[in-house]
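What follows is data23.pdb (PDB, C-alpha atoms).
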```pdb
ATOM      1  CA  ILE I 974      88.702 109.193 123.805  1.00  0.00           C
ATOM      2  CA  THR I 975      91.022 109.492 120.810  1.00  0.00           C
ATOM      3  CA  GLN I 976      89.886 111.937 118.135  1.00  0.00           C
ATOM      4  CA  CYS I 977      89.798 110.357 114.651  1.00  0.00           C
ATOM      5  CA  SER I 978      89.711 111.670 111.118  1.00  0.00           C
ATOM      6  CA  ASP I 979      87.082 110.709 108.591  1.00  0.00           C
ATOM      7  CA  LEU I 980      89.279 107.730 107.649  1.00  0.00           C
ATOM      8  CA  GLY I 981      89.360 106.419 111.208  1.00  0.00           C
ATOM      9  CA  THR I 982      93.005 107.321 111.839  1.00  0.00           C
ATOM     10  CA  PRO I 983      93.517 109.023 115.203  1.00  0.00           C
ATOM     11  CA  THR I 984      94.418 112.660 114.567  1.00  0.00           C
ATOM     12  CA  LEU I 985      97.566 112.303 116.645  1.00  0.00           C
ATOM     13  CA  TYR I 986      98.957 109.713 114.175  1.00  0.00           C
ATOM     14  CA  GLN I 987      97.913 111.210 110.819  1.00  0.00           C
ATOM     15  CA  GLU I 988     101.118 113.090 109.971  1.00  0.00           C
ATOM     16  CA  THR I 989     103.419 110.165 110.770  1.00  0.00           C
ATOM     17  CA  LEU I 990     101.196 107.656 108.971  1.00  0.00           C
ATOM     18  CA  SER I 991     101.047 109.878 105.883  1.00  0.00           C
ATOM     19  CA  LEU I 992     104.851 110.153 105.758  1.00  0.00           C
ATOM     20  CA  LEU I 993     105.261 106.394 106.227  1.00  0.00           C
ATOM     21  CA  ARG I 994     102.812 105.706 103.425  1.00  0.00           C
ATOM     22  CA  LYS I 995     104.780 107.973 101.076  1.00  0.00           C
ATOM     23  CA  ILE I 996     107.977 106.069 101.872  1.00  0.00           C
ATOM     24  CA  SER I 997     106.266 102.701 101.419  1.00  0.00           C
ATOM     25  CA  GLU I 998     104.993 103.763  97.984  1.00  0.00           C
ATOM     26  CA  SER I 999     108.564 104.274  96.839  1.00  0.00           C
ATOM     27  CA  GLU I1000     111.490 101.959  97.522  1.00  0.00           C
ATOM     28  CA  TRP I1001     111.716 100.942 101.182  1.00  0.00           C
ATOM     29  CA  PRO I1002     115.293 101.351 102.512  1.00  0.00           C
ATOM     30  CA  GLU I1003     117.491  98.285 102.801  1.00  0.00           C
ATOM     31  CA  THR I1004     117.505  96.562 106.186  1.00  0.00           C
ATOM     32  CA  SER I1005     120.835  96.297 107.986  1.00  0.00           C
ATOM     33  CA  THR I1006     122.561  92.918 108.076  1.00  0.00           C
ATOM     34  CA  SER I1007     122.240  92.595 111.851  1.00  0.00           C
ATOM     35  CA  ARG I1008     118.533  93.466 111.896  1.00  0.00           C
ATOM     36  CA  SER I1009     117.895  91.138 108.935  1.00  0.00           C
ATOM     37  CA  LYS I1010     118.889  88.244 111.193  1.00  0.00           C
ATOM     38  CA  VAL I1011     115.733  88.708 113.293  1.00  0.00           C
ATOM     39  CA  ILE I1012     113.240  89.347 110.468  1.00  0.00           C
ATOM     40  CA  ARG I1013     111.421  86.353 109.022  1.00  0.00           C
ATOM     41  CA  ASN I1014     111.476  86.179 105.253  1.00  0.00           C
ATOM     42  CA  ILE I1015     108.189  86.945 103.594  1.00  0.00           C
ATOM     43  CA  GLU I1016     107.451  84.649 100.700  1.00  0.00           C
ATOM     44  CA  LYS I1017     107.460  86.366  97.342  1.00  0.00           C
ATOM     45  CA  SER I1018     104.142  86.604  95.605  1.00  0.00           C
ATOM     46  CA  GLU I1019     103.685  84.925  92.255  1.00  0.00           C
ATOM     47  CA  ASP I1020     103.325  88.339  90.652  1.00  0.00           C
ATOM     48  CA  ILE I1021     106.749  90.009  90.846  1.00  0.00           C
ATOM     49  CA  GLN I1022     105.250  93.496  90.405  1.00  0.00           C
ATOM     50  CA  ASN I1023     103.145  93.018  93.532  1.00  0.00           C
ATOM     51  CA  GLU I1024     105.936  91.466  95.596  1.00  0.00           C
ATOM     52  CA  LYS I1025     105.533  92.573  99.182  1.00  0.00           C
ATOM     53  CA  LYS I1026     108.041  95.108 100.394  1.00  0.00           C
ATOM     54  CA  PHE I1027     109.306  94.670 103.915  1.00  0.00           C
ATOM     55  CA  GLY I1028     112.106  95.828 106.115  1.00  0.00           C
ATOM     56  CA  SER I1029     113.293  97.932 108.982  1.00  0.00           C
ATOM     57  CA  PHE I1030     115.484 100.980 109.444  1.00  0.00           C
ATOM     58  CA  THR I1031     116.602 103.113 112.374  1.00  0.00           C
ATOM     59  CA  ILE I1032     116.195 106.815 112.954  1.00  0.00           C
ATOM     60  CA  VAL I1033     117.619 108.770 115.869  1.00  0.00           C
ATOM     61  CA  ASN I1034     116.287 111.735 117.769  1.00  0.00           C
ATOM     62  CA  PRO I1035     118.633 114.571 116.760  1.00  0.00           C
ATOM     63  CA  THR I1036     117.702 116.616 119.818  1.00  0.00           C
ATOM     64  CA  LEU I1037     118.870 113.853 122.190  1.00  0.00           C
ATOM     65  CA  PHE I1038     121.534 111.900 120.338  1.00  0.00           C
ATOM     66  CA  ARG I1039     124.720 113.702 119.401  1.00  0.00           C
ATOM     67  CA  PRO I1040     127.057 111.450 117.446  1.00  0.00           C
ATOM     68  CA  THR I1041     130.734 111.411 118.394  1.00  0.00           C
ATOM     69  CA  HIS I1042     133.539 111.625 115.854  1.00  0.00           C
ATOM     70  CA  SER I1043     133.391 107.868 115.294  1.00  0.00           C
ATOM     71  CA  GLU I1044     129.587 107.797 115.008  1.00  0.00           C
ATOM     72  CA  THR I1045     127.251 109.145 112.358  1.00  0.00           C
ATOM     73  CA  LEU I1046     123.530 109.641 112.150  1.00  0.00           C
ATOM     74  CA  PRO I1047     121.715 106.870 110.278  1.00  0.00           C
ATOM     75  CA  LEU I1048     121.178 107.473 106.572  1.00  0.00           C
ATOM     76  CA  ALA I1049     117.403 107.480 107.199  1.00  0.00           C
ATOM     77  CA  ASN I1050     117.780 110.699 109.214  1.00  0.00           C
ATOM     78  CA  GLU I1051     119.163 112.336 106.084  1.00  0.00           C
ATOM     79  CA  LEU I1052     116.672 110.703 103.688  1.00  0.00           C
ATOM     80  CA  TYR I1053     113.544 111.328 105.793  1.00  0.00           C
ATOM     81  CA  PRO I1054     114.017 114.418 108.000  1.00  0.00           C
ATOM     82  CA  ASP I1055     110.259 115.094 108.116  1.00  0.00           C
ATOM     83  CA  LEU I1056     109.608 111.530 109.315  1.00  0.00           C
ATOM     84  CA  VAL I1057     112.289 111.865 111.989  1.00  0.00           C
ATOM     85  CA  MET I1058     110.667 114.990 113.392  1.00  0.00           C
ATOM     86  CA  SER I1059     107.168 113.532 113.106  1.00  0.00           C
ATOM     87  CA  VAL I1060     107.995 110.233 114.857  1.00  0.00           C
ATOM     88  CA  PHE I1061     109.605 111.880 117.863  1.00  0.00           C
ATOM     89  CA  LYS I1062     106.863 114.527 117.996  1.00  0.00           C
ATOM     90  CA  LEU I1063     104.312 111.684 118.013  1.00  0.00           C
ATOM     91  CA  GLU I1064     106.188 109.983 120.837  1.00  0.00           C
ATOM     92  CA  ARG I1065     106.129 113.190 122.904  1.00  0.00           C
ATOM     93  CA  SER I1066     102.424 113.618 122.209  1.00  0.00           C
ATOM     94  CA  ILE I1067     101.632 110.050 123.265  1.00  0.00           C
ATOM     95  CA  CYS I1068     103.709 110.407 126.424  1.00  0.00           C
ATOM     96  CA  ASP I1069     102.014 113.700 127.280  1.00  0.00           C
ATOM     97  CA  SER I1070      98.492 112.496 126.485  1.00  0.00           C
ATOM     98  CA  ASP I1071      96.031 110.439 128.445  1.00  0.00           C
ATOM     99  CA  LEU I1072      96.738 107.459 126.172  1.00  0.00           C
ATOM    100  CA  LEU I1073      99.128 106.133 128.809  1.00  0.00           C
ATOM    101  CA  THR I1074      96.526 105.729 131.500  1.00  0.00           C
ATOM    102  CA  SER I1075      94.736 102.503 132.248  1.00  0.00           C
ATOM    103  CA  ASN I1076      91.961 101.847 134.733  1.00  0.00           C
ATOM    104  CA  SER I1077      92.488 105.265 136.344  1.00  0.00           C
ATOM    105  CA  ARG I1078      96.150 104.413 137.007  1.00  0.00           C
ATOM    106  CA  THR I1079      98.836 106.565 135.499  1.00  0.00           C
ATOM    107  CA  ARG I1080     101.730 104.658 134.022  1.00  0.00           C
ATOM    108  CA  PRO I1081     105.297 105.624 134.883  1.00  0.00           C
ATOM    109  CA  LYS I1082     106.713 108.673 133.112  1.00  0.00           C
ATOM    110  CA  ARG I1083     108.685 107.630 130.091  1.00  0.00           C
ATOM    111  CA  ASN I1084     111.784 109.467 128.931  1.00  0.00           C
ATOM    112  CA  PRO I1085     111.963 110.323 125.223  1.00  0.00           C
ATOM    113  CA  SER I1086     113.746 107.835 122.995  1.00  0.00           C
ATOM    114  CA  THR I1087     117.095 108.439 121.372  1.00  0.00           C
ATOM    115  CA  HIS I1088     116.464 105.774 118.689  1.00  0.00           C
ATOM    116  CA  CYS I1089     113.434 104.390 116.874  1.00  0.00           C
ATOM    117  CA  ALA I1090     113.130 101.321 114.662  1.00  0.00           C
ATOM    118  CA  VAL I1091     110.748 101.904 111.760  1.00  0.00           C
ATOM    119  CA  ASN I1092     109.344  98.655 110.405  1.00  0.00           C
ATOM    120  CA  PHE I1093     107.202  97.866 107.384  1.00  0.00           C
ATOM    121  CA  ASN I1094     105.654  94.442 106.820  1.00  0.00           C
ATOM    122  CA  ALA I1095     108.430  93.051 108.993  1.00  0.00           C
ATOM    123  CA  ARG I1096     107.722  89.868 110.926  1.00  0.00           C
ATOM    124  CA  PHE I1097     110.318  89.434 113.625  1.00  0.00           C
ATOM    125  CA  THR I1098     111.559  86.242 115.195  1.00  0.00           C
ATOM    126  CA  PRO I1099     111.503  86.257 119.004  1.00  0.00           C
ATOM    127  CA  HIS I1100     114.605  88.145 120.130  1.00  0.00           C
ATOM    128  CA  VAL I1101     116.000  90.447 122.798  1.00  0.00           C
ATOM    129  CA  ASP I1102     117.008  93.911 121.678  1.00  0.00           C
ATOM    130  CA  SER I1103     120.708  94.607 122.057  1.00  0.00           C
ATOM    131  CA  GLY I1104     120.258  97.977 123.734  1.00  0.00           C
ATOM    132  CA  ILE I1105     122.709  99.590 121.313  1.00  0.00           C
ATOM    133  CA  GLY I1106     120.202 102.419 121.046  1.00  0.00           C
ATOM    134  CA  LEU I1107     120.778 103.105 124.726  1.00  0.00           C
ATOM    135  CA  GLY I1108     117.973 100.640 125.434  1.00  0.00           C
ATOM    136  CA  GLN I1109     115.284 101.688 127.808  1.00  0.00           C
ATOM    137  CA  SER I1110     113.583  99.663 130.451  1.00  0.00           C
ATOM    138  CA  LEU I1111     110.235 101.079 129.335  1.00  0.00           C
ATOM    139  CA  SER I1112     109.799 100.634 125.582  1.00  0.00           C
ATOM    140  CA  MET I1113     106.971 101.966 123.472  1.00  0.00           C
ATOM    141  CA  ILE I1114     105.612 100.111 120.461  1.00  0.00           C
ATOM    142  CA  VAL I1115     103.121 101.852 118.211  1.00  0.00           C
ATOM    143  CA  GLY I1116     101.457 100.056 115.315  1.00  0.00           C
ATOM    144  CA  ILE I1117      99.762 102.241 112.723  1.00  0.00           C
ATOM    145  CA  GLY I1118      98.290 101.457 109.336  1.00  0.00           C
ATOM    146  CA  ASP I1119      96.172  98.705 107.860  1.00  0.00           C
ATOM    147  CA  TYR I1120      97.380  95.313 109.002  1.00  0.00           C
ATOM    148  CA  SER I1121      96.251  92.260 110.854  1.00  0.00           C
ATOM    149  CA  GLY I1122      97.791  89.595 113.029  1.00  0.00           C
ATOM    150  CA  GLY I1123     100.489  91.703 114.626  1.00  0.00           C
TER     151      GLY I1123
END
```
Can I see the file as structure tokens?
Amino acid sequence: ITQCSDLGTPTLYQETLSLLRKISESEWPETSTSRSKVIRNIEKSEDIQNEKKFGSFTIVNPTLFRPTHSETLPLANELYPDLVMSVFKLERSICDSDLLTSNSRTRPKRNPSTHCAVNFNARFTPHVDSGIGLGQSLSMIVGIGDYSGG
């Protein structure tokens, strides 16, 4: 059983969700050109002030990914260091918890990720990930927040 706060958010997710909400209240970072190719456009609302923000950015796990001279950490790692730590801490917690068991069967152990895509109101077209982030054969997708249909 997952422990929840008064608001219904599982305790395990509260820190990450809070940080994501703070980012979404300000200007969401620009999506890269290559990732933009797989995100469906969201129609603008009639009221420009309430236009839906959407997009996607990448963060990397600084404890696992060491950039070479020709590589750099994504800008989001610099802009949102607390989110970076929180996301990869959340991943470790999920992997270490009983959330990965189903019908009394334990799922295979999952290695920590080097990269994470952070998406907000992004509707993706069907696609295959490139594996540039040292793609894993066992991906983890976590959806948190108030949304429907996805």
Checklist entry - Just so the selection is clear, what residues does the PyMOL selection byres ((chain I and resi 1059-1070) around 8) cover here, as a ChimeraX atom specification? => result /I:985-986,988-989,1034,1055-1058,1071-1073,1082-1083,1085-1086
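With only C-alpha atoms as the basis for measurement, I:Phe1030 is the residue among I:Phe1030, I:Ser991, I:His1042, I:Pro983 that approaches I:Arg1008 most closely.
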Using all atoms listed in the file, which residues sit within 10 Å of I:Leu1048 once same-chain residues fewer than 6 positions away are excluded, as a CSV table (one decimal) with C-alpha atoms, keeping the file's coordinate frame?
```
chain,number,residue,atom,x,y,z
I,1002,PRO,CA,115.3,101.4,102.5
I,1030,PHE,CA,115.5,101.0,109.4
I,1031,THR,CA,116.6,103.1,112.4
I,1032,ILE,CA,116.2,106.8,113.0
```
Checklist entry - Can you list, as an MDAnalysis selection string, the residues that the PyMOL selection byres ((chain I and resi 1092) around 8) selects here? => result chainID I and resid 1027:1030 1090:1091 1093:1095
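The space separating atom CA of I:Ile1012 from atom CA of I:Arg1096 comes to 5.6 Å.
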Checklist entry - Between I:Leu1046, I:Lys1026, I:Leu990, I:Gly981, which has the minimum distance to I:Glu1003 (counting only C-alpha atoms)? => result I:Lys1026
Item to check | Hits of the PyMOL selection byres ((chain I and resi 1114) around 10) in this structure, as a PyMOL selection string | outcome: chain I and resi 1064+1089-1090+1112-1113+1115-1117
Expected file contents, prior selection, C-alpha atoms, as an mmCIF file, keeping the file's coordinate frame:
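The resulting result_1.cif:
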```
data_model
loop_
_atom_site.group_PDB
_atom_site.id
_atom_site.type_symbol
_atom_site.label_atom_id
_atom_site.label_comp_id
_atom_site.auth_asym_id
_atom_site.auth_seq_id
_atom_site.Cartn_x
_atom_site.Cartn_y
_atom_site.Cartn_z
ATOM 1 C CA GLU I 1064 106.188 109.983 120.837
ATOM 2 C CA CYS I 1089 113.434 104.390 116.874
ATOM 3 C CA ALA I 1090 113.130 101.321 114.662
ATOM 4 C CA SER I 1112 109.799 100.634 125.582
ATOM 5 C CA MET I 1113 106.971 101.966 123.472
ATOM 6 C CA VAL I 1115 103.121 101.852 118.211
ATOM 7 C CA GLY I 1116 101.457 100.056 115.315
ATOM 8 C CA ILE I 1117 99.762 102.241 112.723
#
```
So for stretch 993-1000 of chain I, what box centre and size do we get, axis-aligned, 3 Å extra on each of the six sides, every listed atom, Å to one decimal, as lines of an AutoDock Vina configuration file?
```
center_x = 107.2
center_y = 105.0
center_z = 101.5
size_x = 14.7
size_y = 12.0
size_z = 15.4
```
Item to check | Between atom CA of I:Ser1005 and atom CA of I:Val1101, distance in Å (one decimal) | outcome: 16.6 Å
Checklist entry - Expressed in Å to a single decimal, how great is the separation between atom CA of I:Leu1037 and atom CA of I:Thr1087? => result 5.8 Å
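Closest to I:Asn1050 among I:Arg994, I:His1088, I:His1100, I:Arg1013 is I:His1088, based on all atoms listed in the file.
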